[in-house]
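What's in model26.txt: compact mmCIF, C-alpha atoms
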# COMPACT_ATOMS: atom_id res chain seq x y z
CA ASP A 1 0.00 0.00 0.00
CA GLN A 2 1.27 3.40 -0.97
CA GLN A 3 1.01 5.40 2.22
CA VAL A 4 3.27 8.08 0.82
CA LYS A 5 2.58 9.32 -2.67
CA GLN A 6 4.47 11.56 -5.01
CA ASN A 7 2.11 11.95 -7.90
CA SER A 8 4.46 13.80 -10.19
CA PRO A 9 7.15 11.48 -11.54
CA SER A 10 9.02 14.39 -13.08
CA LEU A 11 9.35 18.16 -12.92
CA SER A 12 11.27 20.55 -15.14
CA VAL A 13 12.16 24.05 -13.98
CA GLN A 14 14.24 26.89 -15.33
CA GLU A 15 17.36 27.87 -13.41
CA GLY A 16 16.65 30.62 -10.92
CA ARG A 17 12.96 29.79 -10.63
CA ILE A 18 11.22 28.02 -7.78
CA SER A 19 10.89 24.24 -7.74
CA ILE A 20 7.94 22.83 -5.81
CA LEU A 21 7.83 19.11 -5.14
CA ASN A 22 4.71 17.68 -3.59
CA CYS A 23 4.01 14.71 -1.40
CA ASP A 24 0.78 13.30 0.05
CA TYR A 25 0.34 10.73 2.76
CA THR A 26 -2.57 8.69 4.01
CA ASN A 27 -1.49 7.56 7.47
CA SER A 28 -2.51 10.13 10.07
CA MET A 29 -0.08 8.55 12.53
CA PHE A 30 2.93 9.83 10.61
CA ASP A 31 4.65 12.51 12.67
CA TYR A 32 8.05 12.94 11.09
CA PHE A 33 8.75 13.72 7.47
CA LEU A 34 11.92 13.85 5.47
CA TRP A 35 13.12 14.64 2.00
CA TYR A 36 15.99 12.76 0.40
CA LYS A 37 17.83 13.64 -2.76
CA LYS A 38 19.29 11.00 -5.02
CA TYR A 39 21.80 11.41 -7.83
CA PRO A 40 22.29 8.65 -10.41
CA ALA A 41 24.42 5.74 -9.20
CA GLU A 42 24.41 7.05 -5.63
CA GLY A 43 22.33 6.30 -2.56
CA PRO A 44 19.73 8.80 -1.33
CA THR A 45 21.09 11.57 0.88
CA PHE A 46 19.17 13.35 3.59
CA LEU A 47 18.09 16.85 2.62
CA ILE A 48 15.65 18.31 5.14
CA SER A 49 13.07 17.14 7.64
CA ILE A 50 10.09 18.40 9.58
CA SER A 51 8.29 17.25 12.68
CA SER A 52 4.51 17.26 12.84
CA ILE A 53 4.58 19.94 15.54
CA LYS A 54 5.80 22.42 12.95
CA ASP A 55 4.38 23.57 9.65
CA LYS A 56 7.54 24.93 8.11
CA ASN A 57 11.23 24.25 8.22
CA GLU A 58 13.79 26.20 6.28
CA ASP A 59 17.41 25.43 5.46
CA GLY A 60 19.03 27.76 3.00
CA ARG A 61 17.39 27.43 -0.38
CA PHE A 62 15.24 24.52 0.83
CA THR A 63 11.96 24.88 2.69
CA VAL A 64 9.57 22.14 3.63
CA PHE A 65 5.93 22.94 4.35
CA LEU A 66 3.60 20.60 6.19
CA ASN A 67 -0.19 20.76 6.05
CA LYS A 68 -1.40 18.13 8.49
CA SER A 69 -5.08 18.64 7.83
CA ALA A 70 -4.53 17.98 4.14
CA LYS A 71 -1.90 15.30 4.80
CA HIS A 72 0.33 17.11 2.39
CA LEU A 73 3.87 18.33 2.40
CA SER A 74 5.93 20.14 -0.15
CA LEU A 75 9.56 20.96 -0.76
CA HIS A 76 10.40 24.37 -2.18
CA ILE A 77 13.76 25.05 -3.73
CA VAL A 78 14.48 28.65 -4.52
CA PRO A 79 16.35 29.64 -6.51
CA SER A 80 16.73 26.36 -8.36
CA GLN A 81 20.16 25.46 -9.66
CA PRO A 82 21.25 22.91 -12.28
CA GLY A 83 23.02 20.97 -9.52
CA ASP A 84 19.63 20.40 -7.90
CA SER A 85 18.72 18.07 -10.76
CA ALA A 86 18.11 14.74 -9.06
CA VAL A 87 15.36 12.42 -7.87
CA TYR A 88 13.69 13.62 -4.68
CA PHE A 89 12.08 11.15 -2.31
CA CYS A 90 9.56 12.09 0.33
CA ALA A 91 9.55 9.88 3.44
CA ALA A 92 7.36 9.64 6.51
CA SER A 93 7.44 7.73 9.76
CA ALA A 94 5.41 7.30 12.93
CA TRP A 95 6.94 7.26 16.39
CA ASP A 96 4.59 4.48 17.46
CA ASN A 97 5.26 2.31 14.44
CA ASN A 98 8.71 0.92 15.12
CA ASN A 99 10.39 3.39 12.81
CA ASP A 100 8.70 1.97 9.75
CA MET A 101 9.67 4.72 7.36
CA ARG A 102 7.70 4.86 4.13
CA PHE A 103 9.01 6.42 0.98
CA GLY A 104 7.26 7.91 -2.00
CA ALA A 105 8.13 6.77 -5.50
CA GLY A 106 10.24 9.87 -6.12
CA THR A 107 10.07 12.92 -8.39
CA ARG A 108 12.80 13.55 -10.93
CA LEU A 109 13.66 17.24 -10.95
CA THR A 110 15.45 18.72 -13.93
CA VAL A 111 16.71 22.28 -13.63
CA LYS A 112 17.53 23.74 -17.01
CA PRO A 113 20.28 26.36 -17.36
CA ASP B 114 33.72 7.77 8.68
CA ALA B 115 33.40 6.28 5.21
CA GLY B 116 29.64 6.12 5.43
CA VAL B 117 27.56 3.07 4.69
CA ILE B 118 29.46 0.65 2.49
CA GLN B 119 27.80 -1.81 0.15
CA SER B 120 29.21 -4.50 -2.05
CA PRO B 121 29.13 -5.40 -4.80
CA ARG B 122 28.09 -2.23 -6.61
CA HIS B 123 26.84 -4.20 -9.57
CA GLU B 124 25.77 -7.81 -9.87
CA VAL B 125 24.64 -9.64 -12.97
CA THR B 126 23.51 -13.20 -12.51
CA GLU B 127 21.37 -15.83 -14.12
CA MET B 128 17.97 -16.87 -12.92
CA GLY B 129 18.18 -19.53 -10.25
CA GLN B 130 21.53 -18.45 -8.89
CA GLU B 131 22.12 -17.33 -5.33
CA VAL B 132 22.87 -13.67 -4.79
CA THR B 133 24.41 -12.19 -1.64
CA LEU B 134 24.50 -8.47 -1.03
CA ARG B 135 26.68 -7.03 1.72
CA CYS B 136 26.48 -3.95 3.90
CA LYS B 137 28.66 -2.27 6.50
CA PRO B 138 26.75 0.37 8.46
CA ILE B 139 28.17 3.52 9.96
CA SER B 140 29.99 2.71 13.18
CA GLY B 141 27.84 3.39 16.21
CA HIS B 142 24.53 3.24 14.38
CA ASP B 143 22.11 0.88 16.09
CA TYR B 144 19.68 0.50 13.19
CA LEU B 145 20.26 -1.05 9.80
CA PHE B 146 17.76 -1.08 6.96
CA TRP B 147 17.54 -2.88 3.63
CA TYR B 148 15.56 -1.22 0.84
CA ARG B 149 14.74 -2.14 -2.72
CA GLN B 150 14.24 0.51 -5.37
CA THR B 151 12.27 -0.13 -8.53
CA MET B 152 10.82 2.22 -11.10
CA MET B 153 7.29 1.15 -10.32
CA ARG B 154 7.35 1.16 -6.55
CA GLY B 155 10.11 3.53 -5.58
CA LEU B 156 11.90 2.73 -2.34
CA GLU B 157 10.48 -0.19 -0.38
CA LEU B 158 11.63 -1.20 3.07
CA LEU B 159 12.46 -4.89 3.12
CA ILE B 160 13.72 -5.44 6.66
CA TYR B 161 15.41 -3.60 9.47
CA PHE B 162 17.57 -4.53 12.43
CA ASN B 163 18.08 -2.98 15.84
CA ASN B 164 21.29 -3.97 17.59
CA ASN B 165 21.72 -6.87 15.16
CA VAL B 166 18.23 -8.23 15.83
CA PRO B 167 15.66 -8.29 13.01
CA ILE B 168 12.71 -6.16 14.09
CA ASP B 169 10.41 -6.02 11.09
CA ASP B 170 10.75 -8.23 8.02
CA SER B 171 7.22 -7.73 6.74
CA GLY B 172 8.58 -6.08 3.61
CA MET B 173 10.56 -9.11 2.53
CA PRO B 174 8.79 -10.19 -0.66
CA GLU B 175 8.97 -13.94 -0.16
CA ASP B 176 10.91 -16.79 1.34
CA ARG B 177 13.57 -16.55 -1.32
CA PHE B 178 14.80 -13.45 0.50
CA SER B 179 16.69 -13.64 3.77
CA ALA B 180 18.78 -11.18 5.75
CA LYS B 181 21.24 -11.57 8.56
CA MET B 182 23.27 -9.32 10.80
CA PRO B 183 25.86 -11.43 12.59
CA ASN B 184 27.50 -8.41 14.20
CA ALA B 185 27.17 -4.65 14.48
CA SER B 186 29.34 -3.96 11.46
CA PHE B 187 28.03 -6.38 8.87
CA SER B 188 24.78 -7.45 7.28
CA THR B 189 23.83 -9.57 4.29
CA LEU B 190 20.78 -9.81 2.11
CA LYS B 191 20.51 -13.09 0.27
CA ILE B 192 18.23 -14.06 -2.59
CA GLN B 193 18.02 -17.75 -3.35
CA PRO B 194 17.05 -18.62 -6.00
CA SER B 195 17.06 -15.32 -7.83
CA GLU B 196 14.46 -14.42 -10.45
CA PRO B 197 14.38 -11.75 -13.17
CA ARG B 198 11.77 -9.78 -11.23
CA ASP B 199 14.30 -9.32 -8.43
CA SER B 200 16.25 -6.98 -10.68
CA ALA B 201 16.44 -3.66 -8.85
CA VAL B 202 18.77 -1.45 -6.87
CA TYR B 203 19.16 -2.60 -3.29
CA PHE B 204 20.09 0.00 -0.70
CA CYS B 205 21.37 -0.44 2.80
CA ALA B 206 20.94 2.39 5.30
CA SER B 207 21.79 2.94 8.93
CA SER B 208 20.68 5.34 11.64
CA LEU B 209 21.40 6.18 15.24
CA GLY B 210 17.93 5.69 16.56
CA LEU B 211 14.23 6.13 16.19
CA ALA B 212 13.13 9.63 17.04
CA GLY B 213 13.74 13.13 15.76
CA VAL B 214 17.15 13.81 14.30
CA GLN B 215 18.23 10.27 15.04
CA GLU B 216 15.78 9.00 12.48
CA THR B 217 17.84 10.39 9.64
CA GLN B 218 19.01 7.41 7.69
CA TYR B 219 22.28 7.37 5.86
CA PHE B 220 22.25 5.35 2.70
CA GLY B 221 24.91 3.33 1.00
CA PRO B 222 25.55 3.69 -2.75
CA GLY B 223 23.37 0.70 -3.53
CA THR B 224 23.85 -2.57 -5.36
CA ARG B 225 22.40 -2.72 -8.84
CA LEU B 226 21.20 -6.26 -9.41
CA LEU B 227 20.30 -7.67 -12.80
CA VAL B 228 18.94 -11.19 -12.99
CA LEU B 229 18.86 -12.58 -16.50
Go ahead and express the file in the form of structure tokens.
Amino acid sequence: DQQVKQNSPSLSVQEGRISILNCDYTNSMFDYFLWYKKYPAEGPTFLISISSIKDKNEDGRFTVFLNKSAKHLSLHIVPSQPGDSAVYFCAASAWDNNNDMRFGAGTRLTVKP
Amino acid sequence: DAGVIQSPRHEVTEMGQEVTLRCKPISGHDYLFWYRQTMMRGLELLIYFNNNVPIDDSGMPEDRFSAKMPNASFSTLKIQPSEPRDSAVYFCASSLGLAGVQETQYFGPGTRLLVL
């Protein structure tokens, strides 16, 4: 069952513009959310996270927004750079669920120069 | 620290053969995870260990898959016999713990498996 969904398999953005990657989840018990970035032939690397007690977390060009009522989170990258081109995975976990972290299928972001 | 180490990086084998994937977690991490990545399903958790003990193996697709962690610095994922549908990238990850910042998992580079 896909408890974490990234409905856009790909996204193309011009350099300097904002990239918005979306993620939806179905399990209301999830209370910790993460974004991972993955380059070809490498493992995913942690990018940014947010706890359910917050609705926004910012780290440089990256901001994650959480809307608990809609069970939706998004990752904003601004300004986008060509080096941001990668696959982005959304992940969620629940404190009560033995750290069973669920990942979305990923969104491939291409930032064009 | 060198990060999570996986071997081999690539494996090509014939259907019916045994495949063993290896992982060395980051020293001091108490949790080790095995994931499988496919185009259709993204990243799927197969099994994870806490202090070398398997905690949840509900993601293991079938009995052909088995995983062990004989000590804190080594784990294996074995597929026997392998089938073409097992072709995927297999990731190993490790983390310090369960909550908050400790939940951040650090991934290895993955093993790309192709079963012919």
Counting only C-alpha atoms, the option among B:Thr133, B:Phe187, B:Gln193, B:Arg149 closest to Glu175 of chain B: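 Smallest distance to Glu175 of chain B is found for B:Gln193.
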Distance cut-off 7 Å, counting all atoms listed in the file - which residues of chain A neighbour chain B? Return them as an MDAnalysis selection string. chainID A and resid 41:46 95 99 103:106
Using only C-alpha atoms: which of A:Asn57, A:Ser80, A:Gln14, A:Ser69 has the shortest distance to Pro113 of chain A: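 Of all the options, A:Gln14 lies closest to Pro113 of chain A.
Take atom CA of Arg102 of chain A and atom CA of Pro194 of chain B: the distance between them is 27.2 Å.
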Quick one: residues within 8 Å of Tyr39 of chain A, only C-alpha atoms counted, chain neighbours fewer than 6 positions away excluded, as a list in words?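 Residues meeting the cut-off are Ser85, Ala86 and Val87 of chain A.
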Selected residues written out, C-alpha atoms, as a PDB file, in the frame of the given file:
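Saved to part.pdb:
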ATOM      1  CA  SER A  85      18.720  18.070 -10.760  1.00  0.00           C
ATOM      2  CA  ALA A  86      18.110  14.740  -9.060  1.00  0.00           C
ATOM      3  CA  VAL A  87      15.360  12.420  -7.870  1.00  0.00           C
TER       4      VAL A  87
END
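Around segment 125-132 of chain B, within 8 Å and counting all atoms listed in the file, the residues found are Lys191, Ile192, Gln193, Pro194, Ser195, Glu196, Pro197, Leu226, Leu227, Val228 and Leu229 of chain B, once anything fewer than 6 positions away on its own chain is removed.
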Between B:Gly116, B:Asn163, B:Leu190, B:Ser171, which has the minimum distance to Leu134 of chain B (counting all atoms listed in the file)?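 Checking each of B:Gly116, B:Asn163, B:Leu190, B:Ser171 against Leu134 of chain B, counting all atoms listed in the file, the winner is B:Leu190.
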Between atom CA of Thr26 of chain A and atom CA of Val78 of chain A, what is the spacing in Å?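 One can read the atom CA of Val78 of chain A to atom CA of Thr26 of chain A distance as 27.6 Å.
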Atom pair atom CA of Pro9 of chain A + atom CA of Ser74 of chain A, distance 14.4 Å
Nearby residues (only C-alpha atoms) at most 7 Å from Ser10 of chain A, same-chain spacing under 6 positions excluded, as an NGL selection string: :A and (107-109)
Rank nothing, just name the residue among A:Lys37, A:Asn7, A:Val64, A:Gly83 nearest to Thr110 of chain A, using all atoms listed in the file.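 Closest to Thr110 of chain A of all the choices is A:Gly83.
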Under the rule that only C-alpha atoms are counted, which of B:Thr189, B:Asn184, B:Ser200, B:Ser179 is the nearest residue to Asn165 of chain B? B:Asn184
